[in-house]
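This report concerns only the one structure given below.
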Amino acid sequence: MAYYPRLRDLREDADLTQDELVKQLGMHKTTYTNYEQGKREPPFELIIRLAKLYGVSIDYIAGLAPKPMPLPPQK
């Protein structure tokens, strides 16, 4: 399974528009849209930021886990 549909699903589950999310991330909307559409590969650093933002594991975003798994507590 491709990861990019999960990016959109997680954003929508968080009740965020693309405009709201890119403002939080400090990036261009076109760049992020390309990630959600699978036209570009997101950098690993962004995947980490999104995992923290949504409170899910990187494995879920990558399509390696079938359901969202919460992140372990951060120290």
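Residue numbering restarts at 1 in every chain; chains get A, B, ... in the order shown in the structure tokens, and ligands count up from 1 in that same order.
Near Phe44 in chain A, within a cut-off of 12 Å and counting only C-alpha atoms, sit the residues Tyr35, Glu41, Ile47, Ile48, Arg49, Leu50, Ala51, Ile58, Ile61 and Ala62 of chain A, with same-chain residues fewer than 3 positions away left out.
Residues with any atom within 12 Å of Thr33 in chain A, counting only C-alpha atoms and excluding same-chain neighbours fewer than 6 positions away, are Tyr4, Pro5, Leu7, Arg8, Arg11, Thr17, Gln18, Asp19, Leu21, Val22, Met27, Lys39, Arg40, Glu41 and Pro42 of chain A.
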Can I get the selected residues back with N, CA, C and O atoms, as a short mmCIF file (atom, residue, chain, number, x, y, z; two decimals), in the first residue's frame?
```
data_model
loop_
_atom_site.label_atom_id
_atom_site.label_comp_id
_atom_site.auth_asym_id
_atom_site.auth_seq_id
_atom_site.Cartn_x
_atom_site.Cartn_y
_atom_site.Cartn_z
N TYR A 4 0.84 7.65 0.65
CA TYR A 4 0.28 8.98 0.47
C TYR A 4 -1.22 9.10 0.77
O TYR A 4 -1.64 10.14 1.27
N PRO A 5 -2.06 8.07 0.55
CA PRO A 5 -3.45 8.25 0.98
C PRO A 5 -3.58 8.42 2.50
O PRO A 5 -4.48 9.10 2.98
N LEU A 7 -1.55 10.10 4.37
CA LEU A 7 -1.27 11.49 4.71
C LEU A 7 -2.55 12.31 4.67
O LEU A 7 -2.83 13.10 5.58
N ARG A 8 -3.33 12.12 3.63
CA ARG A 8 -4.60 12.84 3.51
C ARG A 8 -5.58 12.40 4.60
O ARG A 8 -6.22 13.22 5.24
N ARG A 11 -4.67 13.86 7.95
CA ARG A 11 -4.97 15.30 7.98
C ARG A 11 -6.46 15.53 8.15
O ARG A 11 -6.88 16.33 8.99
N THR A 17 -7.34 21.53 7.21
CA THR A 17 -7.28 21.73 5.77
C THR A 17 -5.81 21.72 5.37
O THR A 17 -4.92 21.85 6.22
N GLN A 18 -5.56 21.60 4.08
CA GLN A 18 -4.16 21.67 3.63
C GLN A 18 -3.59 23.04 3.98
O GLN A 18 -2.42 23.13 4.38
N ASP A 19 -4.36 24.09 3.84
CA ASP A 19 -3.87 25.43 4.18
C ASP A 19 -3.45 25.53 5.64
O ASP A 19 -2.41 26.09 5.95
N LEU A 21 -2.58 23.02 7.64
CA LEU A 21 -1.43 22.17 7.91
C LEU A 21 -0.14 22.78 7.39
O LEU A 21 0.87 22.81 8.10
N VAL A 22 -0.15 23.28 6.15
CA VAL A 22 1.09 23.83 5.61
C VAL A 22 1.53 25.07 6.39
O VAL A 22 2.72 25.34 6.49
N MET A 27 5.52 25.34 5.11
CA MET A 27 5.92 24.92 3.77
C MET A 27 4.89 25.40 2.76
O MET A 27 3.82 25.85 3.13
N LYS A 39 3.00 12.44 -5.90
CA LYS A 39 3.84 12.95 -6.98
C LYS A 39 5.28 13.18 -6.53
O LYS A 39 6.18 13.24 -7.37
N ARG A 40 5.47 13.36 -5.23
CA ARG A 40 6.81 13.55 -4.66
C ARG A 40 6.92 12.74 -3.38
O ARG A 40 5.92 12.55 -2.68
N GLU A 41 8.14 12.33 -3.07
CA GLU A 41 8.40 11.61 -1.83
C GLU A 41 8.65 12.63 -0.71
O GLU A 41 9.51 13.50 -0.86
N PRO A 42 7.94 12.52 0.40
CA PRO A 42 8.21 13.44 1.50
C PRO A 42 9.54 13.09 2.16
O PRO A 42 9.88 11.90 2.27
#
```
Picked from range 3-55 of chain A by DSSP as helix (DSSP H, G or I), as a PyMOL selection string: chain A and resi 4-13+18-25+29-36+44-54
Output file for the residues above (C-alpha atoms, as an mmCIF file, in the first residue's frame):
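Resulting contents of again_22.cif:
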```cif
data_model
loop_
_atom_site.group_PDB
_atom_site.id
_atom_site.type_symbol
_atom_site.label_atom_id
_atom_site.label_comp_id
_atom_site.auth_asym_id
_atom_site.auth_seq_id
_atom_site.Cartn_x
_atom_site.Cartn_y
_atom_site.Cartn_z
ATOM 1 C CA TYR A 4 0.280 8.985 0.474
ATOM 2 C CA PRO A 5 -3.451 8.250 0.981
ATOM 3 C CA ARG A 6 -2.691 7.975 4.687
ATOM 4 C CA LEU A 7 -1.270 11.489 4.714
ATOM 5 C CA ARG A 8 -4.600 12.837 3.509
ATOM 6 C CA ASP A 9 -6.621 10.573 5.814
ATOM 7 C CA LEU A 10 -4.623 11.620 8.872
ATOM 8 C CA ARG A 11 -4.966 15.295 7.981
ATOM 9 C CA GLU A 12 -8.707 14.974 7.483
ATOM 10 C CA ASP A 13 -9.103 12.954 10.701
ATOM 11 C CA GLN A 18 -4.165 21.673 3.627
ATOM 12 C CA ASP A 19 -3.871 25.434 4.175
ATOM 13 C CA GLU A 20 -3.935 25.004 7.965
ATOM 14 C CA LEU A 21 -1.428 22.165 7.907
ATOM 15 C CA VAL A 22 1.092 23.831 5.614
ATOM 16 C CA LYS A 23 0.933 26.936 7.784
ATOM 17 C CA GLN A 24 1.828 24.802 10.833
ATOM 18 C CA LEU A 25 4.598 23.075 8.900
ATOM 19 C CA LYS A 29 0.904 24.173 -0.241
ATOM 20 C CA THR A 30 1.931 22.881 -3.671
ATOM 21 C CA THR A 31 4.801 20.918 -2.139
ATOM 22 C CA TYR A 32 2.542 19.283 0.439
ATOM 23 C CA THR A 33 -0.180 18.593 -2.127
ATOM 24 C CA ASN A 34 2.391 16.706 -4.193
ATOM 25 C CA TYR A 35 3.140 14.505 -1.168
ATOM 26 C CA GLU A 36 -0.539 13.710 -0.612
ATOM 27 C CA PHE A 44 11.961 11.549 6.341
ATOM 28 C CA GLU A 45 12.147 14.593 8.610
ATOM 29 C CA LEU A 46 8.638 15.577 7.498
ATOM 30 C CA ILE A 47 7.310 12.075 8.156
ATOM 31 C CA ILE A 48 8.676 12.317 11.694
ATOM 32 C CA ARG A 49 7.019 15.716 12.195
ATOM 33 C CA LEU A 50 3.699 14.414 10.888
ATOM 34 C CA ALA A 51 3.882 11.317 13.094
ATOM 35 C CA LYS A 52 4.377 13.537 16.131
ATOM 36 C CA LEU A 53 1.655 15.946 15.041
ATOM 37 C CA TYR A 54 -0.905 13.180 14.529
#
```
All residues 9 Å or closer to Pro68 in chain A, only C-alpha atoms, same chain fewer than 6 positions away omitted, as number ranges by chain: A: 55-57, 59-61
